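Trainee: Got a structure for you, questions after.
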Amino acid sequence: MALIPLNINNYEQILAWRNSPNVRNAMFHSQEISLKEHQEWFKKLQRNDDRQWFIFQDSEGMAQGVVYFNDINGVHSTAFWGFYTRPEALLGTGIRLALEAIDHLFNKLEINKLCAEVRSDNQRSLIFHQKIGFIEEGVFRSQYFNGQQSIDIIRFGILSGEWPIHKEQLQKRICELSLLAERPPPADIT
Ligand SMILES: CC(C)(COP(=O)(O)OP(=O)(O)OC[C@H]1O[C@@H](n2cnc3c(N)ncnc32)[C@H](O)[C@@H]1OP(=O)(O)O)[C@@H](O)C(=O)NCCC(=O)NCCS
């Protein structure tokens, strides 16, 4: 597994994932993005040094997701993150991506706190953050109009000191998932 910095040669492949309904409906900007907009966004990204974007590759070097840190603040030692997996990614991809990304932030960038803001209509991501070890820190009531109604935004945080215990649990879960994937399918009962 590896995090590959988003670059001129790989950034176009993430547009189709970003535009898939599953991802769009989880984001704060949920309109479809054109190739031209994507190219302009990438140009701007290169001038921004408080952001880091990565493609997450599995152990076979296949791109499986995107993870990024925004508002990286060296003074307060904080950052926000976001992520999405390739629409066809296997279950368990999300926790593998999280493990690589959070380890990178806490151990390589030496940031002390990672924050997230999640739409309250994104049940999967709410559960996902809790599973990884994030603590809910607050609710911004009726903060975002999702096209139908105003919904809450849930703020989460995790500190670098809290990470090792959660990391161990995630590693165990990943081992279980790998064992399940290796198990032969049950024999036909005839
Ligand atoms: C959120 C996302 C990255 C999760 O990736 P994933 O590969 O589906 O997640 P995993 O299979 O690794 O699951 C990790 C945990 O999330 C939770 N989870 C996963 N799928 C779930 C579902 N359908 N419903 C509820 N919880 C779910 C479970 O707790 C799961 O752990 P478990 O299998 O040990 O019970 C992925 O669904 C995605 O890209 N969503 C769209 C983008 C997005 O929401 N980004 C975050 C914005 S804040």
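Within each chain, counting starts at residue 1; across the structure tokens, chains are named A, B, ... in the order shown, with ligands numbered 1 upward in that order.
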Mind checking which residues fall within 8 Å of Ile151 in chain A, counting only C-alpha atoms, ignoring those fewer than 5 positions away in the same chain, and posting them as a list in words?

Mentor: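 The filter keeps Arg119, Ser120, Asp121, Arg141, Ser142, Gln143, Tyr144, Phe145 and Asn146 of chain A.
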
Trainee: Those selected residues, please, written with N, CA and C atoms and delivered as an mmCIF file, in the first residue's frame.

Mentor:
```cif
data_model
loop_
_atom_site.group_PDB
_atom_site.id
_atom_site.type_symbol
_atom_site.label_atom_id
_atom_site.label_comp_id
_atom_site.auth_asym_id
_atom_site.auth_seq_id
_atom_site.Cartn_x
_atom_site.Cartn_y
_atom_site.Cartn_z
ATOM 1 N N ARG A 119 -21.187 15.402 6.517
ATOM 2 C CA ARG A 119 -22.622 15.685 6.360
ATOM 3 C C ARG A 119 -23.434 14.658 7.152
ATOM 4 N N SER A 120 -24.467 15.132 7.831
ATOM 5 C CA SER A 120 -25.245 14.193 8.663
ATOM 6 C C SER A 120 -26.024 13.195 7.814
ATOM 7 N N ASP A 121 -26.147 13.442 6.497
ATOM 8 C CA ASP A 121 -26.821 12.457 5.643
ATOM 9 C C ASP A 121 -25.835 11.423 5.089
ATOM 10 N N ARG A 141 -25.566 22.995 13.420
ATOM 11 C CA ARG A 141 -26.964 22.700 13.105
ATOM 12 C C ARG A 141 -27.413 23.386 11.814
ATOM 13 N N SER A 142 -28.157 22.642 10.988
ATOM 14 C CA SER A 142 -28.716 23.178 9.729
ATOM 15 C C SER A 142 -27.698 24.017 8.963
ATOM 16 N N GLN A 143 -26.518 23.467 8.774
ATOM 17 C CA GLN A 143 -25.398 24.227 8.205
ATOM 18 C C GLN A 143 -25.298 24.087 6.691
ATOM 19 N N TYR A 144 -25.963 23.059 6.149
ATOM 20 C CA TYR A 144 -25.722 22.758 4.731
ATOM 21 C C TYR A 144 -27.036 22.350 4.060
ATOM 22 N N PHE A 145 -27.309 22.976 2.909
ATOM 23 C CA PHE A 145 -28.525 22.628 2.158
ATOM 24 C C PHE A 145 -28.163 21.559 1.137
ATOM 25 N N ASN A 146 -28.751 20.392 1.279
ATOM 26 C CA ASN A 146 -28.356 19.276 0.411
ATOM 27 C C ASN A 146 -29.227 19.147 -0.842
#
```

Trainee: Could you build a table of the residues in chain A lying no more than 7 Å from ligand 1, giving for each the nearest pair of atoms and their separation in Å rounded to one decimal place, using only C-alpha atoms and all ligand atoms, ordered by chain and ascending residue number, as CSV?

Mentor:
```
residue,atom,partner,partner_atom_place_in_ligand_line,distance
A:Asn22,CA,ligand 1,41 (C),5.4
A:Val23,CA,ligand 1,41 (C),4.2
A:Ala26,CA,ligand 1,44 (O),4.7
A:Met27,CA,ligand 1,47 (C),6.1
A:Gly82,CA,ligand 1,47 (C),5.7
A:Phe83,CA,ligand 1,45 (N),4.9
A:Tyr84,CA,ligand 1,39 (O),3.4
A:Thr85,CA,ligand 1,39 (O),3.9
A:Arg86,CA,ligand 1,39 (O),6.8
A:Ala89,CA,ligand 1,7 (O),6.6
A:Leu90,CA,ligand 1,7 (O),6.2
A:Leu91,CA,ligand 1,11 (O),3.5
A:Gly92,CA,ligand 1,12 (O),3.2
A:Thr93,CA,ligand 1,7 (O),3.9
A:Gly94,CA,ligand 1,5 (O),3.4
A:Ile95,CA,ligand 1,12 (O),3.9
A:Arg96,CA,ligand 1,12 (O),6.5
A:Ala116,CA,ligand 1,48 (S),6.8
A:Glu117,CA,ligand 1,48 (S),6.1
A:Val118,CA,ligand 1,48 (S),4.4
A:Arg119,CA,ligand 1,48 (S),6.8
A:Asn122,CA,ligand 1,44 (O),6.3
A:Gln123,CA,ligand 1,25 (C),6.2
A:Arg124,CA,ligand 1,25 (C),4.2
A:Ser125,CA,ligand 1,1 (C),4.5
A:Ile127,CA,ligand 1,26 (N),5.3
A:Phe128,CA,ligand 1,16 (O),3.8
A:Lys131,CA,ligand 1,29 (O),5.5
A:Arg173,CA,ligand 1,34 (O),6.3
```

Trainee: DSSP on the backbone: which residues in range 4-172 of chain A end up as helix (DSSP H, G or I)? Give the answer as a ChimeraX atom specification.

Mentor: /A:11-18,21-24,35-46,93-108,123-132,160-172

Trainee: Write out as a PyMOL selection string all residues of range 87-178 of chain A that DSSP puts in strand (DSSP E or B) for this structure's backbone.

Mentor: chain A and resi 113-119+135-145+150-159

Trainee: CA of Phe140 in chain A and CA of Thr78 in chain A are how many Å apart?

Mentor: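 Between CA of Phe140 in chain A and CA of Thr78 in chain A the gap is 19.4 Å.
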
Trainee: Env of Met1 in chain A: 9 Å cut, atoms = only C-alpha atoms, seq-sep filter 6 positions within chain, self excluded. Answer as a list of chain:residue names.

Mentor: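 Contacts, with the query itself left out: A:Phe56, A:Gln57, A:Asp58, A:Ser59, A:Glu60, A:Gly61, A:Arg96, A:Leu97, A:Glu100.
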
Trainee: May I have the residues within 9 Å of range 34-49 of chain A as a list in words, using only C-alpha atoms and disregarding those fewer than 2 positions away in the same chain?

Mentor: Asn7, Ile8, Tyr11, Glu12, Leu15, Asn19, Glu32, Arg51, Gln52, Trp53 and Ile72 of chain A

Trainee: Have a look at A:Val67, A:Ile132, A:Ala2, A:Val75 and name the one nearest to Lys167 in chain A; count only C-alpha atoms.

Mentor: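 Among the listed residues, the smallest separation from Lys167 in chain A belongs to A:Ile132.
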